[in-house]
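A short write-up of the structure that comes next.
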Amino acid sequence: MIIGLLLLQSAIRLPTMWCGRRRERSLWGAFTAFAAAWWLRTDTGRAMIDPLGVEDLPTLLKHVLAIGGICVLLNYITDVYGAVEATARHIRITSMVRRTAARASAATVLCLAGLFFFDLDRSQTAADSLYFVGRHVGEPGLALYLGLFNAYTATAAAVCAYQWGRAARLARRWSLRTGLAMMASGMALMVLYAVARTAYIVVITIRPSVAAIGTTQELVTDTILYAASLLWLLGAVAPASHVLAARVRAVRALAVLHPLWRDLASAIDGIALHKPSRAPDGLPAAALLATVRDIAALDVTPQIRLGQYVTEIRDATHDLRRRAPADLFQRARHLAVAEGYVGEEAEAVAEAYWLRAALDAVDAPAGVPAAFHTSGDDFASEVLRLCQVARVYRRASPHTGVILESVTPLPSSVPEKV
């Protein structure tokens, strides 16, 4: 179950690996590394590594992957909360821990490898004990090996627990607050797990006879580890669901805006950062493929691409205002009102008609920009407005320009934002 949840989180965040910021790539790397580490705990994972002929090698690889995941998780924590409160004391401490952990990770891995190959007695096999700890009872190297690993884990988990706990107290949405609290609780349990494991290792190194309770100890600590991992993963579902929902909303908006953006970007040179994909005329499948290629290209996230579309549509609109007839928008508004539209809906329909007709004047000499009404005080409302315009534009007649020539301009009844 835990491996499945880790892989699901990795899959959800896979697009951010290609086009996200460093912090999104760090989180994807953490989930992927932890998924591989957990896989090496399974019989299947160990069976894939055992043919290499090195006893206990899956354990070493599991710990190395866990250290890598912890290191990039600290990068994520620092980048996320440091961007908001870069000068706060707790962020400075987190940054210091991150820098120390980044430097210490390579040294820790080298020390673990050295202890593994040169200090631990690897002549013991699974036939002697089912557990790695049980095969090395009484060896000082075991205390050093797991002491290093658990100290690294406990420090990072404590930092994560504090940051997520603090963020949970400040979160406004109950779902996000609950998710962050679960993640913080999972990290707190991870600290408990590391401390309990370290204490047990120290005791059995000093008094090997205590190792008789090894099975009970493994059961208790594994239960803590499973609970910690499940709390963290289930808590991460809330932030992940918001990320996924935002991505889905952005893709839907892109699909609605694409026909409008494609026509404007194709008609006006220099407006679009990337020209629309071309498709042979009369081939619906090819046109659909071109649309998907424009929307789903992995160079940027859907949210960033949506911002580009909105900006480029508005840039094209401004260019057309300098070329279209001065009274064209008033004619478009008159037609919209005559068709029964009122209020903001009439303005959106008028804008769609104006865009259809204004494209006919794309080659006209540039002049003074004509008055033009727009709405949208923030990005979200601007996207909603443009989607409304794009839907009308898509079903508007290609001969809208000819239709508007016979329409009498309607005086404006609302303030215009020029």
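Ligands are numbered from 1 in the order shown, chains are lettered A, B, ... in the order of the structure tokens, and residues start at 1 in each chain.
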
- Task: Enumerate as a ChimeraX atom specification all residues of segment 57-230 of chain A assigned to helix (DSSP H, G or I) by DSSP on the backbone, naming them with the chain letters and numbers the document uses.
- Result: /A:57-82,89-118,134-136,140-170,174-206,208-230

Quiz item: Got a sec: who's within 12 Å of Gly114 of chain A, counting only C-alpha atoms, leaving out chain neighbours fewer than 3 positions off, as a list in words?
Solution: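 So, after excluding close chain neighbours, the residues are Leu60, Ala107, Thr108, Val109, Leu110, Cys111, Phe117, Phe118, Asp119, Leu120, Gly141, Leu142, Leu144 and Tyr145 of chain A.
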
Dump as a PDB file, in the first residue's frame, selection limited to N, CA, C and O atoms:
```
ATOM      1  N   LEU A  60      21.718  -1.829   2.409  1.00  0.00           N
ATOM      2  CA  LEU A  60      22.555  -0.653   2.164  1.00  0.00           C
ATOM      3  C   LEU A  60      21.920   0.258   1.122  1.00  0.00           C
ATOM      4  O   LEU A  60      21.848   1.483   1.309  1.00  0.00           O
ATOM      5  N   ALA A 107      28.966  12.323   2.815  1.00  0.00           N
ATOM      6  CA  ALA A 107      29.847  11.755   3.841  1.00  0.00           C
ATOM      7  C   ALA A 107      29.150  10.621   4.586  1.00  0.00           C
ATOM      8  O   ALA A 107      29.773   9.593   4.894  1.00  0.00           O
ATOM      9  N   THR A 108      27.857  10.791   4.858  1.00  0.00           N
ATOM     10  CA  THR A 108      27.109   9.736   5.550  1.00  0.00           C
ATOM     11  C   THR A 108      27.040   8.477   4.715  1.00  0.00           C
ATOM     12  O   THR A 108      27.235   7.357   5.216  1.00  0.00           O
ATOM     13  N   VAL A 109      26.775   8.631   3.422  1.00  0.00           N
ATOM     14  CA  VAL A 109      26.706   7.465   2.525  1.00  0.00           C
ATOM     15  C   VAL A 109      28.056   6.758   2.466  1.00  0.00           C
ATOM     16  O   VAL A 109      28.130   5.520   2.517  1.00  0.00           O
ATOM     17  N   LEU A 110      29.127   7.545   2.379  1.00  0.00           N
ATOM     18  CA  LEU A 110      30.466   6.937   2.335  1.00  0.00           C
ATOM     19  C   LEU A 110      30.776   6.200   3.639  1.00  0.00           C
ATOM     20  O   LEU A 110      31.344   5.100   3.617  1.00  0.00           O
ATOM     21  N   CYS A 111      30.397   6.804   4.772  1.00  0.00           N
ATOM     22  CA  CYS A 111      30.630   6.141   6.059  1.00  0.00           C
ATOM     23  C   CYS A 111      29.812   4.859   6.170  1.00  0.00           C
ATOM     24  O   CYS A 111      30.318   3.823   6.629  1.00  0.00           O
ATOM     25  N   PHE A 117      30.946  -2.567   4.299  1.00  0.00           N
ATOM     26  CA  PHE A 117      31.859  -3.488   3.616  1.00  0.00           C
ATOM     27  C   PHE A 117      33.051  -3.903   4.477  1.00  0.00           C
ATOM     28  O   PHE A 117      33.596  -5.005   4.285  1.00  0.00           O
ATOM     29  N   PHE A 118      33.476  -3.054   5.417  1.00  0.00           N
ATOM     30  CA  PHE A 118      34.720  -3.351   6.115  1.00  0.00           C
ATOM     31  C   PHE A 118      34.571  -3.621   7.614  1.00  0.00           C
ATOM     32  O   PHE A 118      35.522  -4.077   8.246  1.00  0.00           O
ATOM     33  N   ASP A 119      33.402  -3.348   8.180  1.00  0.00           N
ATOM     34  CA  ASP A 119      33.272  -3.524   9.622  1.00  0.00           C
ATOM     35  C   ASP A 119      32.225  -4.564  10.003  1.00  0.00           C
ATOM     36  O   ASP A 119      32.398  -5.281  10.985  1.00  0.00           O
ATOM     37  N   LEU A 120      31.135  -4.631   9.250  1.00  0.00           N
ATOM     38  CA  LEU A 120      30.089  -5.594   9.578  1.00  0.00           C
ATOM     39  C   LEU A 120      30.474  -6.998   9.112  1.00  0.00           C
ATOM     40  O   LEU A 120      31.070  -7.165   8.044  1.00  0.00           O
ATOM     41  N   GLY A 141      30.069  -2.058  14.910  1.00  0.00           N
ATOM     42  CA  GLY A 141      29.814  -1.462  13.601  1.00  0.00           C
ATOM     43  C   GLY A 141      28.339  -1.257  13.334  1.00  0.00           C
ATOM     44  O   GLY A 141      27.945  -0.307  12.637  1.00  0.00           O
ATOM     45  N   LEU A 142      27.508  -2.150  13.887  1.00  0.00           N
ATOM     46  CA  LEU A 142      26.055  -1.997  13.693  1.00  0.00           C
ATOM     47  C   LEU A 142      25.552  -0.734  14.375  1.00  0.00           C
ATOM     48  O   LEU A 142      24.726   0.000  13.811  1.00  0.00           O
ATOM     49  N   LEU A 144      27.269   1.957  15.033  1.00  0.00           N
ATOM     50  CA  LEU A 144      27.731   3.115  14.264  1.00  0.00           C
ATOM     51  C   LEU A 144      26.932   3.278  12.981  1.00  0.00           C
ATOM     52  O   LEU A 144      26.518   4.394  12.616  1.00  0.00           O
ATOM     53  N   TYR A 145      26.708   2.177  12.286  1.00  0.00           N
ATOM     54  CA  TYR A 145      26.004   2.204  10.992  1.00  0.00           C
ATOM     55  C   TYR A 145      24.588   2.765  11.164  1.00  0.00           C
ATOM     56  O   TYR A 145      24.209   3.767  10.529  1.00  0.00           O
TER      57      TYR A 145
END
```

Give me the residues within 12 Å of Ala227 of chain A as a list in words, counting only C-alpha atoms and dropping any in the same chain fewer than 2 places off.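 Once the adjacent positions are removed, what remains is Met1, Ile2, Met182, Met183, Ser185, Gly186, Met187, Ala188, Leu189, Met190, Leu192, Tyr193, Val220, Thr221, Asp222, Thr223, Ile224, Leu225, Ser229, Leu230, Leu231, Trp232, Leu233, Leu234 and Gly235 of chain A.
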
Quiz prompt | Proximity to Val383 of chain A - best of A:Val251, A:Ala316, A:Ile77, A:Leu264, only C-alpha atoms | solution =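 Counting only C-alpha atoms, the residue closest to Val383 of chain A is A:Val251.
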
One decimal, in Å: what's the spacing between atom CA of Ser26 of chain A and atom CA of Tyr76 of chain A?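 Here the two named atoms are 5.6 Å from each other.
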
Which value, in Å to one decimal, gives the distance between atom CA of Glu382 of chain A and atom CA of Pro259 of chain A?
->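 It comes out at 17.1 Å.
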
Applying 12 Å and only C-alpha atoms, which residues near Ala35 of chain A remain after dropping the ones on its own chain fewer than 6 positions away? List them as a compact mmCIF listing (two decimals) with all heavy atoms, in the first residue's frame.
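Below is the file selection.txt, written as the result:
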```txt
# COMPACT_ATOMS: atom_id res chain seq x y z
N MET A 1 0.83 -1.21 0.00
CA MET A 1 0.00 0.00 0.00
C MET A 1 0.86 1.26 0.00
O MET A 1 0.57 2.22 -0.73
CB MET A 1 -0.92 0.00 1.23
CG MET A 1 -1.82 1.22 1.32
SD MET A 1 -2.88 1.18 2.78
CE MET A 1 -3.75 2.73 2.61
N ILE A 2 1.88 1.26 0.87
CA ILE A 2 2.73 2.45 0.96
C ILE A 2 3.47 2.68 -0.35
O ILE A 2 3.57 3.82 -0.85
CB ILE A 2 3.72 2.31 2.13
CG1 ILE A 2 2.95 2.37 3.46
CG2 ILE A 2 4.78 3.40 2.09
CD1 ILE A 2 3.79 2.17 4.69
N ILE A 3 3.97 1.60 -0.95
CA ILE A 3 4.66 1.75 -2.23
C ILE A 3 3.71 2.29 -3.28
O ILE A 3 4.06 3.17 -4.09
CB ILE A 3 5.26 0.40 -2.67
CG1 ILE A 3 6.32 -0.07 -1.67
CG2 ILE A 3 5.87 0.51 -4.07
CD1 ILE A 3 6.87 -1.44 -1.97
N GLY A 4 2.47 1.79 -3.28
CA GLY A 4 1.48 2.28 -4.24
C GLY A 4 1.19 3.76 -4.06
O GLY A 4 1.10 4.51 -5.05
N LEU A 5 1.05 4.21 -2.80
CA LEU A 5 0.80 5.63 -2.55
C LEU A 5 1.99 6.49 -2.96
O LEU A 5 1.82 7.59 -3.52
CB LEU A 5 0.49 5.84 -1.07
CG LEU A 5 -0.88 5.35 -0.58
CD1 LEU A 5 -0.96 5.45 0.94
CD2 LEU A 5 -1.99 6.15 -1.23
N LEU A 6 3.19 6.00 -2.70
CA LEU A 6 4.39 6.75 -3.11
C LEU A 6 4.47 6.86 -4.62
O LEU A 6 4.78 7.94 -5.17
CB LEU A 6 5.64 6.06 -2.57
CG LEU A 6 5.92 6.23 -1.06
CD1 LEU A 6 6.96 5.24 -0.59
CD2 LEU A 6 6.37 7.66 -0.76
N LEU A 7 4.20 5.76 -5.31
CA LEU A 7 4.23 5.79 -6.78
C LEU A 7 3.13 6.68 -7.33
O LEU A 7 3.32 7.36 -8.35
CB LEU A 7 4.10 4.38 -7.33
CG LEU A 7 5.30 3.46 -7.09
CD1 LEU A 7 5.01 2.05 -7.57
CD2 LEU A 7 6.55 4.00 -7.78
N LEU A 8 1.96 6.68 -6.67
CA LEU A 8 0.87 7.56 -7.11
C LEU A 8 1.27 9.02 -6.97
O LEU A 8 1.03 9.83 -7.89
CB LEU A 8 -0.38 7.28 -6.27
CG LEU A 8 -1.60 8.17 -6.57
CD1 LEU A 8 -2.06 7.98 -8.01
CD2 LEU A 8 -2.74 7.86 -5.60
N GLN A 9 1.89 9.36 -5.85
CA GLN A 9 2.36 10.74 -5.67
C GLN A 9 3.40 11.10 -6.72
O GLN A 9 3.39 12.21 -7.26
CB GLN A 9 2.95 10.90 -4.26
CG GLN A 9 1.94 10.81 -3.13
CD GLN A 9 1.18 12.11 -2.94
OE1 GLN A 9 1.34 13.06 -3.69
NE2 GLN A 9 0.33 12.15 -1.94
N SER A 10 4.29 10.17 -7.03
CA SER A 10 5.30 10.42 -8.06
C SER A 10 4.65 10.63 -9.41
O SER A 10 5.07 11.51 -10.18
CB SER A 10 6.29 9.24 -8.14
OG SER A 10 7.01 9.12 -6.93
N ALA A 11 3.64 9.82 -9.71
CA ALA A 11 2.97 9.94 -11.01
C ALA A 11 2.24 11.27 -11.14
O ALA A 11 2.28 11.92 -12.19
CB ALA A 11 1.99 8.78 -11.19
N TRP A 28 9.14 15.56 -6.14
CA TRP A 28 9.02 14.35 -6.97
C TRP A 28 10.18 13.40 -6.69
O TRP A 28 9.98 12.19 -6.57
CB TRP A 28 9.01 14.73 -8.44
CG TRP A 28 8.95 13.54 -9.35
CD1 TRP A 28 7.83 12.88 -9.78
CD2 TRP A 28 10.06 12.82 -9.90
NE1 TRP A 28 8.18 11.82 -10.57
CE2 TRP A 28 9.53 11.74 -10.66
CE3 TRP A 28 11.44 12.97 -9.83
CZ2 TRP A 28 10.36 10.84 -11.34
CZ3 TRP A 28 12.25 12.08 -10.50
CH2 TRP A 28 11.71 11.04 -11.25
N GLY A 29 11.38 13.93 -6.57
CA GLY A 29 12.54 13.09 -6.30
C GLY A 29 12.44 12.40 -4.96
O GLY A 29 12.83 11.23 -4.82
N ARG A 41 12.51 -3.16 0.60
CA ARG A 41 12.12 -3.87 1.81
C ARG A 41 11.32 -5.13 1.50
O ARG A 41 11.14 -5.98 2.37
CB ARG A 41 11.27 -2.95 2.71
CG ARG A 41 12.03 -1.81 3.35
CD ARG A 41 11.07 -0.87 4.07
NE ARG A 41 10.30 -1.58 5.10
CZ ARG A 41 10.66 -1.69 6.36
NH1 ARG A 41 11.81 -1.16 6.79
NH2 ARG A 41 9.89 -2.34 7.23
N THR A 42 10.81 -5.22 0.27
CA THR A 42 9.97 -6.36 -0.10
C THR A 42 10.81 -7.54 -0.58
O THR A 42 11.98 -7.38 -0.95
CB THR A 42 8.98 -5.95 -1.21
OG1 THR A 42 9.72 -5.66 -2.41
CG2 THR A 42 8.19 -4.72 -0.81
N GLY A 45 11.90 -6.92 -4.18
CA GLY A 45 13.03 -6.01 -4.30
C GLY A 45 14.34 -6.66 -3.92
O GLY A 45 15.35 -6.51 -4.62
N LYS A 62 18.81 0.48 0.31
CA LYS A 62 17.60 1.07 0.89
C LYS A 62 17.96 2.30 1.72
O LYS A 62 17.30 3.35 1.61
CB LYS A 62 16.90 0.02 1.76
CG LYS A 62 15.71 0.53 2.53
CD LYS A 62 15.15 -0.55 3.44
CE LYS A 62 16.14 -0.89 4.55
NZ LYS A 62 15.59 -1.91 5.47
N LEU A 65 19.12 5.23 -0.59
CA LEU A 65 17.98 5.88 -1.24
C LEU A 65 17.19 6.73 -0.24
O LEU A 65 16.73 7.83 -0.58
CB LEU A 65 17.06 4.82 -1.85
CG LEU A 65 17.57 4.16 -3.14
CD1 LEU A 65 16.75 2.93 -3.47
CD2 LEU A 65 17.52 5.16 -4.29
N ALA A 66 17.04 6.23 0.98
CA ALA A 66 16.32 7.01 2.00
C ALA A 66 17.05 8.31 2.31
O ALA A 66 16.41 9.36 2.46
CB ALA A 66 16.15 6.17 3.26
N GLY A 68 19.01 9.96 0.27
CA GLY A 68 18.79 10.83 -0.88
C GLY A 68 17.41 11.47 -0.84
O GLY A 68 17.25 12.67 -1.11
N GLY A 69 16.39 10.67 -0.51
CA GLY A 69 15.04 11.21 -0.42
C GLY A 69 14.92 12.25 0.68
O GLY A 69 14.26 13.29 0.50
N SER A 229 4.70 6.59 7.90
CA SER A 229 4.67 6.72 6.44
C SER A 229 3.26 6.93 5.92
O SER A 229 3.03 7.76 5.03
CB SER A 229 5.29 5.48 5.80
OG SER A 229 6.64 5.32 6.22
N LEU A 233 1.94 10.19 3.92
CA LEU A 233 1.43 10.04 2.56
C LEU A 233 -0.03 10.45 2.44
O LEU A 233 -0.40 11.15 1.48
CB LEU A 233 1.60 8.59 2.11
CG LEU A 233 3.03 8.19 1.73
CD1 LEU A 233 3.15 6.69 1.60
CD2 LEU A 233 3.43 8.87 0.43
```

Neighbours of segment 317-325 of chain A within 12 Å (only C-alpha atoms; same-chain residues fewer than 2 positions away dropped), as a tab-separated table (two decimals) with N, CA and C atoms, in the first residue's frame?
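Saved to out_2.tsv:
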```tsv
chain	number	residue	atom	x	y	z
A	260	LEU	N	-9.34	30.25	-30.05
A	260	LEU	CA	-9.16	31.70	-30.12
A	260	LEU	C	-7.69	32.06	-30.17
A	261	TRP	N	-6.90	31.47	-29.28
A	261	TRP	CA	-5.46	31.74	-29.27
A	261	TRP	C	-4.81	31.35	-30.58
A	263	ASP	N	-6.09	31.18	-33.65
A	263	ASP	CA	-6.39	32.10	-34.75
A	263	ASP	C	-5.64	33.41	-34.59
A	264	LEU	N	-5.58	33.92	-33.37
A	264	LEU	CA	-4.89	35.19	-33.15
A	264	LEU	C	-3.38	35.04	-33.34
A	265	ALA	N	-2.82	33.97	-32.79
A	265	ALA	CA	-1.38	33.77	-32.89
A	265	ALA	C	-0.96	33.49	-34.34
A	267	ALA	N	-2.52	34.73	-37.00
A	267	ALA	CA	-2.77	35.91	-37.84
A	267	ALA	C	-1.79	37.04	-37.56
A	268	ILE	N	-1.29	37.13	-36.34
A	268	ILE	CA	-0.45	38.28	-35.96
A	268	ILE	C	0.94	37.78	-35.62
A	269	ASP	N	1.92	38.18	-36.39
A	269	ASP	CA	3.29	37.75	-36.16
A	269	ASP	C	3.86	38.40	-34.90
A	270	GLY	N	4.68	37.62	-34.20
A	270	GLY	CA	5.38	38.15	-33.05
A	270	GLY	C	4.58	38.20	-31.77
A	271	ILE	N	3.34	37.74	-31.80
A	271	ILE	CA	2.51	37.77	-30.59
A	271	ILE	C	2.80	36.57	-29.69
A	310	VAL	N	-3.32	33.78	-22.00
A	310	VAL	CA	-4.06	34.99	-21.64
A	310	VAL	C	-3.29	36.23	-22.07
A	311	THR	N	-2.00	36.25	-21.79
A	311	THR	CA	-1.18	37.40	-22.16
A	311	THR	C	-1.13	37.60	-23.67
A	312	GLU	N	-0.96	36.53	-24.41
A	312	GLU	CA	-0.85	36.63	-25.87
A	312	GLU	C	-2.18	36.99	-26.51
A	313	ILE	N	-3.30	36.52	-25.94
A	313	ILE	CA	-4.61	36.92	-26.46
A	313	ILE	C	-4.82	38.41	-26.24
A	314	ARG	N	-4.46	38.88	-25.07
A	314	ARG	CA	-4.62	40.32	-24.80
A	314	ARG	C	-3.66	41.17	-25.64
A	315	ASP	N	-2.46	40.68	-25.87
A	315	ASP	CA	-1.53	41.42	-26.75
A	315	ASP	C	-2.10	41.49	-28.17
A	327	ASP	N	-15.51	52.18	-34.71
A	327	ASP	CA	-16.84	51.90	-34.17
A	327	ASP	C	-17.20	50.41	-34.23
A	328	LEU	N	-16.23	49.55	-34.51
A	328	LEU	CA	-16.54	48.13	-34.69
A	328	LEU	C	-17.06	47.50	-33.40
A	329	PHE	N	-16.50	47.88	-32.26
A	329	PHE	CA	-16.96	47.27	-31.01
A	329	PHE	C	-18.38	47.71	-30.69
A	330	GLN	N	-18.72	48.96	-30.97
A	330	GLN	CA	-20.08	49.42	-30.72
A	330	GLN	C	-21.08	48.68	-31.60
A	331	ARG	N	-20.69	48.39	-32.83
A	331	ARG	CA	-21.55	47.59	-33.71
A	331	ARG	C	-21.72	46.17	-33.15
A	332	ALA	N	-20.60	45.60	-32.66
A	332	ALA	CA	-20.67	44.25	-32.09
A	332	ALA	C	-21.55	44.22	-30.85
A	351	GLU	N	-17.37	41.15	-27.52
A	351	GLU	CA	-15.92	41.01	-27.71
A	351	GLU	C	-15.60	39.87	-28.66
A	352	ALA	N	-16.35	38.77	-28.53
A	352	ALA	CA	-16.12	37.64	-29.44
A	352	ALA	C	-16.43	38.03	-30.88
A	354	TRP	N	-16.41	41.04	-32.08
A	354	TRP	CA	-15.40	42.02	-32.49
A	354	TRP	C	-14.11	41.32	-32.94
A	355	LEU	N	-13.69	40.31	-32.19
A	355	LEU	CA	-12.47	39.60	-32.55
A	355	LEU	C	-12.61	38.91	-33.90
A	356	ARG	N	-13.78	38.28	-34.14
A	356	ARG	CA	-14.01	37.64	-35.44
A	356	ARG	C	-13.90	38.65	-36.57
A	357	ALA	N	-14.52	39.81	-36.38
A	357	ALA	CA	-14.52	40.81	-37.43
A	357	ALA	C	-13.18	41.53	-37.53
A	358	ALA	N	-12.53	41.78	-36.39
A	358	ALA	CA	-11.27	42.52	-36.40
A	358	ALA	C	-10.17	41.74	-37.10
A	359	LEU	N	-10.22	40.42	-37.10
A	359	LEU	CA	-9.21	39.63	-37.79
A	359	LEU	C	-9.21	39.90	-39.29
A	360	ASP	N	-10.35	40.36	-39.81
A	360	ASP	CA	-10.40	40.70	-41.23
A	360	ASP	C	-9.57	41.94	-41.54
A	361	ALA	N	-9.29	42.75	-40.49
A	361	ALA	CA	-8.53	43.99	-40.68
A	361	ALA	C	-7.10	43.85	-40.18
A	362	VAL	N	-6.61	42.62	-40.05
A	362	VAL	CA	-5.29	42.41	-39.47
A	362	VAL	C	-4.18	43.04	-40.30
A	363	ASP	N	-4.41	43.20	-41.60
A	363	ASP	CA	-3.38	43.78	-42.47
A	363	ASP	C	-3.57	45.28	-42.68
A	364	ALA	N	-4.56	45.88	-42.03
A	364	ALA	CA	-4.80	47.32	-42.19
A	364	ALA	C	-3.68	48.11	-41.50
A	365	PRO	N	-3.44	49.34	-41.95
A	365	PRO	CA	-2.40	50.16	-41.30
A	365	PRO	C	-2.74	50.41	-39.83
A	366	ALA	N	-1.72	50.46	-39.00
A	366	ALA	CA	-1.94	50.68	-37.57
A	366	ALA	C	-2.23	52.14	-37.31
A	367	GLY	N	-3.15	52.41	-36.39
A	367	GLY	CA	-3.50	53.76	-36.03
A	367	GLY	C	-3.65	53.89	-34.53
A	368	VAL	N	-4.49	54.85	-34.12
A	368	VAL	CA	-4.75	55.06	-32.69
A	368	VAL	C	-5.65	53.93	-32.20
A	369	PRO	N	-5.34	53.32	-31.05
A	369	PRO	CA	-6.18	52.22	-30.55
A	369	PRO	C	-7.61	52.66	-30.33
A	370	ALA	N	-8.55	51.87	-30.82
A	370	ALA	CA	-9.96	52.17	-30.62
A	370	ALA	C	-10.36	51.87	-29.19
A	371	ALA	N	-11.40	52.57	-28.72
A	371	ALA	CA	-11.91	52.30	-27.38
A	371	ALA	C	-12.41	50.86	-27.31
A	372	PHE	N	-12.16	50.24	-26.18
A	372	PHE	CA	-12.49	48.80	-26.07
A	372	PHE	C	-12.76	48.48	-24.61
A	373	HIS	N	-13.85	47.77	-24.37
A	373	HIS	CA	-14.22	47.42	-22.99
A	373	HIS	C	-13.66	46.04	-22.65
A	374	THR	N	-12.94	45.96	-21.52
A	374	THR	CA	-12.50	44.67	-21.01
A	374	THR	C	-12.87	44.59	-19.54
A	386	LEU	N	-12.28	35.38	-20.55
A	386	LEU	CA	-11.79	34.97	-21.86
A	386	LEU	C	-12.37	33.62	-22.29
A	401	GLY	N	-17.76	39.78	-39.72
A	401	GLY	CA	-17.36	41.10	-40.17
A	401	GLY	C	-18.34	41.69	-41.16
A	404	LEU	N	-21.55	42.69	-39.31
A	404	LEU	CA	-21.45	43.90	-38.50
A	404	LEU	C	-21.46	45.17	-39.36
A	405	GLU	N	-21.13	45.07	-40.63
A	405	GLU	CA	-21.15	46.26	-41.50
A	405	GLU	C	-22.53	46.86	-41.63
A	409	PRO	N	-24.09	51.35	-34.88
A	409	PRO	CA	-23.42	51.36	-33.59
A	409	PRO	C	-24.36	51.72	-32.45
A	418	VAL	N	-9.79	51.31	-21.30
A	418	VAL	CA	-9.03	51.35	-22.55
A	418	VAL	C	-7.61	50.92	-22.32
```

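Remark: for Asp56 of chain A, the closest of the candidate residues A:His136, A:Thr32, A:His242, A:Arg22 is A:His136 (distances computed over only C-alpha atoms).
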
note - atom CA of Arg25 of chain A and atom CA of Arg46 of chain A are separated by 27.7 Å

- Item | All residues 10 Å or closer to segment 130-132 of chain A, only C-alpha atoms, same chain fewer than 4 positions away omitted, as a list in words |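 Non-adjacent residues within range: Asp56, Thr59, Arg122, Gln124, Thr125, Ala126, His136, Val137, Leu142, Gly214, Thr215 and Glu218 of chain A.
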